[in-house]
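Below: one structure, written as structure tokens.
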Protein chains: 2
Amino acid sequence: MSTQSPDIKLLFEPRTLAVIGASHDPNKIGYKIVQNIVSNGYGGRVFPVNPKGGEILGLRVYRSVRDIPEAVDVALIVVPAKAVFQTVQECAAHGVKFVPIISSGFSEVGNLEEERKIVTYARAHGMRVLGPNIFGLYSVTPSLNASFGPREIPKGNVAIVTQSGALGVAMIGKAAADKMGLSAIISVGNKADIDEADLLEYLMPHRETRVILIYIEGVKNGDQLVRALKRASKEKPIVVIKAGRSRRGAIAAASHTGSLAGTTEVFDAIMKQCGVLRAESIQEAFNWCKFLATSVLPQGVETVIITNGGGIGVIATDACEKYSVELYDDLQILEKIFSPVTPEFGSTKNPIDLTGQATAEHYRRALEAALHNDAIHSVIALYAETALFDIASFEPMIKDSFNAFQAQGKPIVFSALGGEKIGQLTETLRHHGIPLFADVTEAVSCLGALYAHSRYRSRAEELPESIQIDASALERIVENARREHRGFLLAHEAQQLLRIAHIPVPRSAIAHTLDEAVRYADEIGYPVVLKVVSRDILHKSDVGGVALDLDNPQEVADAYGAILHNCRAYKPNAVIDGIEVSQQASPGTQIIIGARRDPSFGPILMVGLGGIYVEVMKDVSFRALPISRQDALDMLKELKSYPLLLGVRGEEKRDIETVIDVLLRVGSLLLASEGISDIEINPLIVYEQGRGGIAVDARVLLVLGG
Amino acid sequence: MSTQSPDIKLLFEPRTLAVIGASHDPNKIGYKIVQNIVSNGYGGRVFPVNPKGGEILGLRVYRSVRDIPEAVDVALIVVPAKAVFQTVQECAAHGVKFVPIISSGFSEVGNLEEERKIVTYARAHGMRVLGPNIFGLYSVTPSLNASFGPREIPKGNVAIVTQSGALGVAMIGKAAADKMGLSAIISVGNKADIDEADLLEYLMPHRETRVILIYIEGVKNGDQLVRALKRASKEKPIVVIKAGRSRRGAIAAASHTGSLAGTTEVFDAIMKQCGVLRAESIQEAFNWCKFLATSVLPQGVETVIITNGGGIGVIATDACEKYSVELYDDLQILEKIFSPVTPEFGSTKNPIDLTGQATAEHYRRALEAALHNDAIHSVIALYAETALFDIASFEPMIKDSFNAFQAQGKPIVFSALGGEKIGQLTETLRHHGIPLFADVTEAVSCLGALYAHSRYRSRAEELPESIQIDASALERIVENARREHRGFLLAHEAQQLLRIAHIPVPRSAIAHTLDEAVRYADEIGYPVVLKVVSRDILHKSDVGGVALDLDNPQEVADAYGAILHNCRAYKPNAVIDGIEVSQQASPGTQIIIGARRDPSFGPILMVGLGGIYVEVMKDVSFRALPISRQDALDMLKELKSYPLLLGVRGEEKRDIETVIDVLLRVGSLLLASEGISDIEINPLIVYEQGRGGIAVDARVLLVLGG
């Protein structure tokens, strides 16, 4: 018995398959699954298991998995929840590698304990669990339909991973109706063990899969997911539908699959970081998948719109801006390319307007002109139905153009608006695997998705930057706080933490006498701040325990006396450990930097401009850690308030390099110690370019019970 | 001959109709139009006009409009552009009331002059012009299809007004394919005369029209449009597709119809103010129209989602938040209503989950429960296809439920996700006028549109608030500046303008001697600001012509001398009119208020928080003038930075009433004088609630050449 994890490939391409809980009753799921497996022509051996024995669909039924005469790669479990654990034990004893548990009645109804017990046992015995609470899986490579979903699944190049079983089944139906072929569909259900990250390992190199569609409600092991998505997005487009985005939706999702839905902003930021294409609806996801599964990648950014109507051309132009599709705008070259093929009263500006008189032949010639010119890298071809519409000539024109563009490596997206005949054309082209979109905006959004994927792929691979941290020094601070049963660091400890990461903090020292205070102030340089150090005095400012703007020795001496006096008056028994003398940072631009362990995604980093910008305007950006230097800059650029760092109203540019540096260092700090849960620097004051910055205040929380 | 405008109703419901340029050639537009009119069974008399005479489709052809033996209400003009003017003259001579000019070749190709000449002539002779550059119009009331679009137009309750002819023709096709019946469709083309506002006059009370869909690229006479939309939105939902939203799209639109596309932000804000539903795409607009044309209005806000799958329930919940649909959440009452009709393992929380085992009968009972409970005001019914799907039982269930909900006055929207059979069901229901949406998000967006319309309808009618302004005092200031050929007001004139509207400004006086300066300062109260008054010195601060923070008579005296010295040193010959002594406003929250004449919408008002919030964060809101007190408050609430006025971080609430008051006054100022083009107060400093505010600086521009 091995506790090594089996190769995930076996789950999709098993040599042998058992269905435990196979049923003789055609109305039962346990029958349906066997039926689907058999009727899809799965090439491996199938072993139905049922204590009653007998035969199902011509297959011998075994009374127990133990009776099966050979090794079993995958055993689907369809028995009632309370019998699952014993079944899993039997599977383990028989050397089964994967157990997809179809049965429900686990964490989704609050029965988390049983689910955990099953997974712990399975993992300890070298088995992996898919589910529970799933409809099964489908895989095109061995033509395996091990699900109780539809019998016929259209073969193709889109793989679907779905957290909702019912939605998955309905999506198979929709895919069939839309002629969107599937290469695999996997129901992950409660994700007690196998999750999206595991499945991506298989789907990433899978030849038949060109696009991966993931329906996700909650994230578990987000850091693994992030790593998997980042790698997979470099290989093929990944489209994600995230449900449970709203506060209310998150509650609904939690009661549905028992997993915590992360906050929308964090999720969106991290998906973007991973190069994932987030769709707003099922329809949008399907549109994108249909297009991405058939399209080649663009060789450049220049797009032209070819249309027969000004109105749809304008709508497409708007959509190009919305979906970041760049329109080619060299008017001279456009005229050179398109004037020979544009009818009178048309326009060779982009959109190229072939006018309402345009026939299929006009389109053919205009598309050929675009195809053969290297300045143009992709085409949006639009048609608004006119009285001239002739389905007999448009169908071959679109087919020929589509094929020619594919061959040349230029993406092309088609959209046609009109009546029944356009519907027929759409249907016919669908059978040839050519998507024709009824809505202009949807068509452009597909090309936008392709370009977003293409940009991520071609982004220079930059390694995350890890700053060397003295881990033992860090642990000493954390351990010390723990010994004192504190869940947080004291101010000077937090400052020490920052110093370990070489983050600039104000110079400071703790004085125990008036003379010391003045000497330290002289050494530090004026102005200075004085602050009482005492665990007995919490709100130091309120009781007169803090003095700011001290410009010379005399003011330091006066303040020293006043603070002591105030504190003694406030609490005569307070133990006063000294008076902290520190450098007073001069004013500058305030930045807030936070790092924390997100319940979904693990270590994440946040940045925003200080004060109002974060609190009121919610102007912050997020990344999953670790990040590269480029990521850190991107985080800043995503802020609406970024222009303030570049300098507005004639102000000088701020020291952006320092902000990036502190971001990388704060991220590295969090990653360097498992004991830290939160680090917040508020504010980091930054000065003009080249003049650095200073972390004036920091708050550090520790992992509870760690 | 009357120059009175004819009733717009005649355009839609003419008693007699001429087609000037009617053709004998079935391939020509001039034939197609006659054919469409005849074949749609128009009940009035039709007079084709063509110099050749003869007969078209059995109708006698007149050689000239002058030969027609009776009065002609509407004469469609289909002659070449260069012959249009003469034709219009003939129509005028014959007493024609409306001339839809199908012909193109006018402002859309730069020929603005001819277009203007035609309209001016027509208007002077009591005629109105539709177009030019249109495909015609269709009206269900007299069954009139006076267009060269499709012959068959499905009858129904959606009216379309389109600026793009080609798009309009294609939309007719799409409407037919989607079984979305039309009550009217009007192509407005170049909008040389008749525009959307005129057409709304007819469509607003039009019984057959339940929803109005407007495709618009550019706005002309925006203030009329705003008034018309505001009124019409109180009667029926108005859905707008605005093209030319992007910078690039606006250029494309301009070259297409020659009208200026307004900036997106202003357009969006004003549409919202008018209660208009702005769709993001043609598909979205069609979805909304289909639903709105069939749905009753809700009697309250509480919505329940009824579903058979958790996943689509979660997606719908998210969509409810996105589209502002409120979900009923009294769990006890929900349980009471739905537990009798929910299968085991289902959920009576909202979404109500009938589980994957749900049949049509389960749905029927759950929908009935929702229908008969007064706590629930609308329903979203979702279905994810399962193996149990039975089209024969779902079709009557949906039909019965839809009818029962209509009868009870409760909106219900249906969505079903799945394969071919769901497609068939959708098609069948379509024939019964019941929309079934394939996409959950789209279904919810429809209900969201209905609620947005319902909220606007039920919004208390608040009259715009106009502040009494001394118009003659205002004109004196404007006239004075004009006499001096200035396009702007001087600082003290602008201040005087604000005083006329009783907007608080700093107390100030112009001193000509040192004694005067000190006396004024004493009267005004310290601190004061001194500033040189001289047209010869532009950048007063730079040359030492300004002194701030003067706290006592001695500092005023010193500053007075220094300013004179500095100015003389800078420019010995400068004419110095005096030294302005003014109250120095104490610090507070800075607000920017602007009013200007927008090229599309006429007088508009803008507000934002001072400095960075407007400049960097682009956090501003707009309204078309005039506005009510409630509108002014709404403008502030739309600002992301609004919490700063409410008080954050323990600060006190700001004097919001003062901001509202100044907004109303600035708006009234702009409306009170045609001579003013721009007023900007920057900053208006506001203090804590009850402490008012002060307009520190104002810039006023005048209408050029006025």
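Going by the structure tokens order, chains are called A, B, ..., each with residues numbered from 1, while ligands are numbered from 1 in the order shown.
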
Item to complete: Kindly determine which residues of chain B lie within 7 Å of chain A, considering only C-alpha atoms, and give the answer as a PyMOL selection string.
Response: chain B and resi 164+166-167+169-171+173-174+176-177+243-246+248-249+252-253+256+281-283+309-312+314-315+317-318+321+356+384-386+417-420+439+441+616-617+640-641+643

Convert the current residue selection to file output with C-alpha atoms, as a short mmCIF file (atom, residue, chain, number, x, y, z; two decimals), in the first residue's frame.
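again.cif, written as the output of this step:
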data_model
loop_
_atom_site.label_atom_id
_atom_site.label_comp_id
_atom_site.auth_asym_id
_atom_site.auth_seq_id
_atom_site.Cartn_x
_atom_site.Cartn_y
_atom_site.Cartn_z
CA SER B 164 -29.18 54.19 -37.98
CA ALA B 166 -29.32 49.82 -41.64
CA LEU B 167 -29.41 48.84 -38.00
CA VAL B 169 -33.79 47.22 -40.86
CA ALA B 170 -31.71 44.47 -39.25
CA MET B 171 -33.52 45.02 -35.93
CA GLY B 173 -35.48 41.13 -38.84
CA LYS B 174 -34.26 40.23 -35.41
CA ALA B 176 -39.41 39.00 -36.24
CA ALA B 177 -37.07 36.08 -35.52
CA ALA B 243 -23.49 54.19 -29.63
CA GLY B 244 -20.42 56.34 -30.04
CA ARG B 245 -19.60 56.00 -26.36
CA SER B 246 -15.88 55.55 -26.75
CA ARG B 248 -13.05 56.31 -31.13
CA GLY B 249 -16.71 55.33 -31.44
CA ALA B 252 -17.03 56.81 -36.12
CA ALA B 253 -20.53 58.04 -35.24
CA HIS B 256 -21.72 58.29 -39.97
CA SER B 281 -25.77 45.91 -26.18
CA ILE B 282 -28.47 45.25 -28.75
CA GLN B 283 -29.02 41.84 -27.20
CA GLY B 309 -30.12 23.89 -8.83
CA GLY B 310 -27.93 25.59 -6.27
CA GLY B 311 -25.46 26.86 -8.88
CA ILE B 312 -27.91 28.83 -10.98
CA VAL B 314 -26.18 31.52 -6.65
CA ILE B 315 -25.59 33.10 -10.05
CA THR B 317 -28.40 35.94 -6.39
CA ASP B 318 -25.25 37.68 -7.60
CA GLU B 321 -27.22 42.52 -6.41
CA GLY B 356 -32.62 18.35 -8.84
CA ALA B 384 -31.32 23.76 -14.93
CA GLU B 385 -32.14 20.86 -17.23
CA THR B 386 -32.00 17.42 -15.60
CA LEU B 417 -30.52 26.37 -19.03
CA GLY B 418 -30.08 23.23 -21.07
CA GLY B 419 -30.08 21.57 -24.47
CA GLU B 420 -32.21 21.21 -27.58
CA ASP B 439 -29.14 32.84 -19.43
CA THR B 441 -28.00 36.70 -15.59
CA VAL B 616 -7.33 62.52 -10.44
CA MET B 617 -10.21 60.35 -9.28
CA LYS B 640 -17.79 58.20 -4.20
CA SER B 641 -16.39 60.85 -1.92
CA PRO B 643 -18.84 60.01 2.91
#

Practice prompt. Would you mind writing down, as JSON, numbers by chain, each residue of range 110-259 of chain A that DSSP on the backbone assigns to alpha helix (DSSP H)?
Written response: {"A": [112, 113, 114, 115, 116, 117, 118, 119, 120, 121, 122, 123, 124, 165, 166, 167, 168, 169, 170, 171, 172, 173, 174, 175, 176, 177, 196, 197, 198, 199, 200, 201, 202, 203, 222, 223, 224, 225, 226, 227, 228, 229, 230, 231, 232, 233, 234, 235, 247, 248, 249, 250, 251, 252, 253, 254, 255, 256, 257]}

Practice prompt. Identify all residues of range 430-571 of chain A in strand (DSSP E or B) (DSSP on the backbone) and supply them as JSON, numbers by chain.
Written response: {"A": [436, 437, 488, 508, 509, 510, 511, 528, 529, 530, 531, 532, 533, 546, 547, 548, 549, 550]}

Item to complete: With a distance cut-off of 12 Å and only C-alpha atoms, select the neighbouring residues of Ser233 in chain B, excluding the residue or stretch itself and same-chain residues fewer than 2 positions from it, and output the selection as a PyMOL selection string.
Response: chain B and resi 200-201+203-205+210-213+225-231+235-240+271-277+450+452-459

Item to complete: Find the residues around Lys28 in chain A up to 10 Å (only C-alpha atoms counted), leave out those fewer than 5 positions away in its own chain, and share them as a ChimeraX atom specification.
Response: /A:21-23,33,78,148

Discussion item. When you look at Lys540 in chain B with a cut-off of 12 Å (counting only C-alpha atoms), what residues show up, excluding the ones that are within fewer than 3 positions of it in the same chain? I need them as a list in words.
Written reply: Leu530, Lys531, Val532, Val533, Ser534, Arg535, Asp536, Ile537, Val543, Gly544, Gly545, Val546, Ala547, Ile563, Leu564, Asn566, Cys567, Tyr570, Lys571, Ile576, Ile579 and Glu580 of chain B

Quick one: everything within 9 Å of Gly136 in chain B, counting only C-alpha atoms, minus sequence neighbours fewer than 5 positions away in the same chain. Send it as a compact mmCIF listing (two decimals) with all heavy atoms, in the first residue's frame.
# COMPACT_ATOMS: atom_id res chain seq x y z
N ILE B 33 -41.10 50.66 -51.39
CA ILE B 33 -41.90 51.39 -50.41
C ILE B 33 -43.39 51.29 -50.75
O ILE B 33 -44.22 50.99 -49.89
CB ILE B 33 -41.46 52.88 -50.32
CG1 ILE B 33 -40.06 52.95 -49.71
CG2 ILE B 33 -42.44 53.70 -49.49
CD1 ILE B 33 -39.47 54.33 -49.63
N LEU B 76 -43.64 60.90 -48.74
CA LEU B 76 -42.30 60.33 -48.66
C LEU B 76 -41.52 60.75 -49.89
O LEU B 76 -42.03 60.65 -51.01
CB LEU B 76 -42.38 58.81 -48.60
CG LEU B 76 -42.93 58.26 -47.29
CD1 LEU B 76 -44.20 57.49 -47.54
CD2 LEU B 76 -41.90 57.39 -46.60
N PRO B 100 -41.14 62.80 -44.94
CA PRO B 100 -40.03 61.91 -44.62
C PRO B 100 -39.12 61.84 -45.85
O PRO B 100 -39.58 61.43 -46.93
CB PRO B 100 -40.70 60.56 -44.34
CG PRO B 100 -42.16 60.90 -44.09
CD PRO B 100 -42.43 62.09 -44.98
N ILE B 101 -37.86 62.25 -45.67
CA ILE B 101 -36.94 62.25 -46.81
C ILE B 101 -36.05 61.01 -46.72
O ILE B 101 -35.14 60.94 -45.89
CB ILE B 101 -36.09 63.55 -46.85
CG1 ILE B 101 -37.03 64.77 -46.88
CG2 ILE B 101 -35.15 63.54 -48.04
CD1 ILE B 101 -36.31 66.11 -46.82
N ILE B 102 -36.37 60.04 -47.56
CA ILE B 102 -35.61 58.78 -47.58
C ILE B 102 -34.20 59.05 -48.14
O ILE B 102 -33.22 58.49 -47.65
CB ILE B 102 -36.32 57.75 -48.50
CG1 ILE B 102 -37.81 57.59 -48.12
CG2 ILE B 102 -35.58 56.42 -48.51
CD1 ILE B 102 -38.08 56.89 -46.83
N LEU B 130 -38.88 64.53 -41.69
CA LEU B 130 -38.29 63.38 -41.02
C LEU B 130 -37.08 62.96 -41.86
O LEU B 130 -37.18 62.80 -43.06
CB LEU B 130 -39.29 62.22 -40.93
CG LEU B 130 -38.81 60.94 -40.24
CD1 LEU B 130 -38.58 61.17 -38.74
CD2 LEU B 130 -39.81 59.79 -40.44
N GLY B 131 -35.92 62.79 -41.22
CA GLY B 131 -34.69 62.45 -41.95
C GLY B 131 -33.87 63.69 -42.19
O GLY B 131 -33.87 64.58 -41.34
N ASN B 145 -46.69 50.44 -43.40
CA ASN B 145 -45.28 50.14 -43.52
C ASN B 145 -44.70 50.98 -44.64
O ASN B 145 -44.60 50.54 -45.79
CB ASN B 145 -45.07 48.65 -43.78
CG ASN B 145 -43.59 48.28 -43.87
OD1 ASN B 145 -42.73 49.15 -43.79
ND2 ASN B 145 -43.31 47.00 -44.05
N ALA B 146 -44.37 52.21 -44.31
CA ALA B 146 -43.85 53.15 -45.32
C ALA B 146 -42.33 53.12 -45.27
O ALA B 146 -41.68 54.13 -44.99
CB ALA B 146 -44.39 54.54 -45.05
N SER B 147 -41.76 51.94 -45.54
CA SER B 147 -40.31 51.79 -45.47
C SER B 147 -39.84 50.88 -46.59
O SER B 147 -40.65 50.17 -47.19
CB SER B 147 -39.91 51.17 -44.14
OG SER B 147 -40.04 49.76 -44.18
N PHE B 148 -38.52 50.88 -46.83
CA PHE B 148 -38.01 49.90 -47.78
C PHE B 148 -37.37 48.73 -47.04
O PHE B 148 -36.55 48.01 -47.56
CB PHE B 148 -37.05 50.55 -48.79
CG PHE B 148 -35.82 51.16 -48.20
CD1 PHE B 148 -34.68 50.38 -47.93
CD2 PHE B 148 -35.75 52.52 -47.92
CE1 PHE B 148 -33.54 50.95 -47.42
CE2 PHE B 148 -34.61 53.09 -47.40
CZ PHE B 148 -33.50 52.31 -47.14
N GLY B 149 -37.77 48.59 -45.76
CA GLY B 149 -37.29 47.46 -44.96
C GLY B 149 -38.08 46.19 -45.28
O GLY B 149 -38.73 46.11 -46.33
N GLY B 165 -30.29 53.67 -40.06
CA GLY B 165 -31.26 53.00 -40.89
C GLY B 165 -30.96 51.53 -41.06
O GLY B 165 -31.82 50.66 -40.86
N ILE B 185 -41.88 51.67 -35.85
CA ILE B 185 -40.43 51.84 -35.97
C ILE B 185 -40.19 53.04 -36.86
O ILE B 185 -40.82 53.18 -37.92
CB ILE B 185 -39.71 50.56 -36.45
CG1 ILE B 185 -38.20 50.81 -36.62
CG2 ILE B 185 -40.29 50.00 -37.74
CD1 ILE B 185 -37.37 49.54 -36.59
N ILE B 186 -39.38 53.94 -36.37
CA ILE B 186 -39.15 55.19 -37.09
C ILE B 186 -37.66 55.40 -37.23
O ILE B 186 -36.92 55.36 -36.26
CB ILE B 186 -39.75 56.40 -36.35
CG1 ILE B 186 -41.19 56.13 -35.96
CG2 ILE B 186 -39.68 57.65 -37.23
CD1 ILE B 186 -41.34 55.70 -34.52
N SER B 187 -37.26 55.64 -38.47
CA SER B 187 -35.87 55.92 -38.77
C SER B 187 -35.72 57.44 -38.74
O SER B 187 -36.44 58.14 -39.46
CB SER B 187 -35.59 55.33 -40.16
OG SER B 187 -34.36 55.72 -40.66
N VAL B 188 -34.83 57.97 -37.90
CA VAL B 188 -34.73 59.43 -37.81
C VAL B 188 -33.53 59.99 -38.56
O VAL B 188 -33.43 61.19 -38.78
CB VAL B 188 -34.70 59.94 -36.34
CG1 VAL B 188 -36.05 59.73 -35.68
CG2 VAL B 188 -33.58 59.28 -35.55

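Within 6 Å of range 655-665 of chain B there are Ala501, Ala632, Tyr687, Glu688, Gln689, Gly690 and Gly692 of chain B, counting only C-alpha atoms and ignoring same-chain residues fewer than 6 positions away.
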
Export all heavy atoms of the chosen residues as a PDB file, in the first residue's frame?
ATOM      1  N   ALA B 501     -26.941  86.031  -6.709  1.00  0.00           N
ATOM      2  CA  ALA B 501     -27.676  84.789  -6.441  1.00  0.00           C
ATOM      3  C   ALA B 501     -27.637  84.426  -4.960  1.00  0.00           C
ATOM      4  O   ALA B 501     -28.029  83.326  -4.588  1.00  0.00           O
ATOM      5  CB  ALA B 501     -27.087  83.659  -7.278  1.00  0.00           C
ATOM      6  N   ALA B 632     -30.373  67.621  -6.455  1.00  0.00           N
ATOM      7  CA  ALA B 632     -29.094  68.148  -5.967  1.00  0.00           C
ATOM      8  C   ALA B 632     -28.515  67.212  -4.914  1.00  0.00           C
ATOM      9  O   ALA B 632     -27.316  66.898  -4.932  1.00  0.00           O
ATOM     10  CB  ALA B 632     -29.292  69.561  -5.399  1.00  0.00           C
ATOM     11  N   TYR B 687     -18.252  74.092   5.807  1.00  0.00           N
ATOM     12  CA  TYR B 687     -17.873  73.832   7.196  1.00  0.00           C
ATOM     13  C   TYR B 687     -18.829  72.824   7.810  1.00  0.00           C
ATOM     14  O   TYR B 687     -19.641  72.221   7.120  1.00  0.00           O
ATOM     15  CB  TYR B 687     -17.853  75.152   7.962  1.00  0.00           C
ATOM     16  CG  TYR B 687     -16.914  76.135   7.323  1.00  0.00           C
ATOM     17  CD1 TYR B 687     -17.386  77.247   6.625  1.00  0.00           C
ATOM     18  CD2 TYR B 687     -15.526  75.916   7.364  1.00  0.00           C
ATOM     19  CE1 TYR B 687     -16.519  78.123   6.000  1.00  0.00           C
ATOM     20  CE2 TYR B 687     -14.649  76.794   6.741  1.00  0.00           C
ATOM     21  CZ  TYR B 687     -15.151  77.901   6.061  1.00  0.00           C
ATOM     22  OH  TYR B 687     -14.281  78.744   5.440  1.00  0.00           O
ATOM     23  N   GLU B 688     -18.716  72.665   9.129  1.00  0.00           N
ATOM     24  CA  GLU B 688     -19.585  71.723   9.827  1.00  0.00           C
ATOM     25  C   GLU B 688     -21.046  72.132   9.634  1.00  0.00           C
ATOM     26  O   GLU B 688     -21.364  73.302   9.418  1.00  0.00           O
ATOM     27  CB  GLU B 688     -19.253  71.693  11.328  1.00  0.00           C
ATOM     28  CG  GLU B 688     -17.965  70.971  11.655  1.00  0.00           C
ATOM     29  CD  GLU B 688     -16.734  71.824  11.348  1.00  0.00           C
ATOM     30  OE1 GLU B 688     -16.867  73.066  11.248  1.00  0.00           O
ATOM     31  OE2 GLU B 688     -15.637  71.240  11.166  1.00  0.00           O
ATOM     32  N   GLN B 689     -21.923  71.146   9.793  1.00  0.00           N
ATOM     33  CA  GLN B 689     -23.357  71.365   9.619  1.00  0.00           C
ATOM     34  C   GLN B 689     -23.833  72.591  10.397  1.00  0.00           C
ATOM     35  O   GLN B 689     -23.508  72.745  11.578  1.00  0.00           O
ATOM     36  CB  GLN B 689     -24.115  70.137  10.122  1.00  0.00           C
ATOM     37  CG  GLN B 689     -25.579  70.172   9.757  1.00  0.00           C
ATOM     38  CD  GLN B 689     -26.227  68.816   9.939  1.00  0.00           C
ATOM     39  OE1 GLN B 689     -25.666  67.943  10.584  1.00  0.00           O
ATOM     40  NE2 GLN B 689     -27.400  68.654   9.366  1.00  0.00           N
ATOM     41  N   GLY B 690     -24.565  73.456   9.722  1.00  0.00           N
ATOM     42  CA  GLY B 690     -25.092  74.650  10.367  1.00  0.00           C
ATOM     43  C   GLY B 690     -24.152  75.834  10.272  1.00  0.00           C
ATOM     44  O   GLY B 690     -24.524  76.966  10.607  1.00  0.00           O
ATOM     45  N   GLY B 692     -22.497  76.695   7.401  1.00  0.00           N
ATOM     46  CA  GLY B 692     -22.456  77.256   6.059  1.00  0.00           C
ATOM     47  C   GLY B 692     -21.197  76.978   5.289  1.00  0.00           C
ATOM     48  O   GLY B 692     -20.477  76.008   5.561  1.00  0.00           O
TER      49      GLY B 692
END

Worksheet item: CA of Ser143 in chain B to CA of Val158 in chain B: how many Å, to one decimal?
Response: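 Separation of CA of Ser143 in chain B and CA of Val158 in chain B: 14.5 Å.
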
Worksheet item: So how far away is CA of Gly647 in chain B from CA of Ile604 in chain B, in Å?
Response: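 Going from CA of Ile604 in chain B over to CA of Gly647 in chain B covers 27.8 Å.
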
Worksheet item: Which of these residues is nearest to Ile56 in chain B, using only C-alpha atoms: B:Asp25, B:Asp634, B:Asp522, B:Glu70?
Response: B:Asp25

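For the pair CA of Thr16 in chain B and CA of Tyr202 in chain B, the interatomic distance is 18.4 Å.
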
Worksheet item: With only C-alpha atoms as the basis for distance, which of B:Ala460, B:Ala695, B:Gly181, B:Ile118 is at the shortest distance from Gln496 in chain B?
Response: B:Ala695
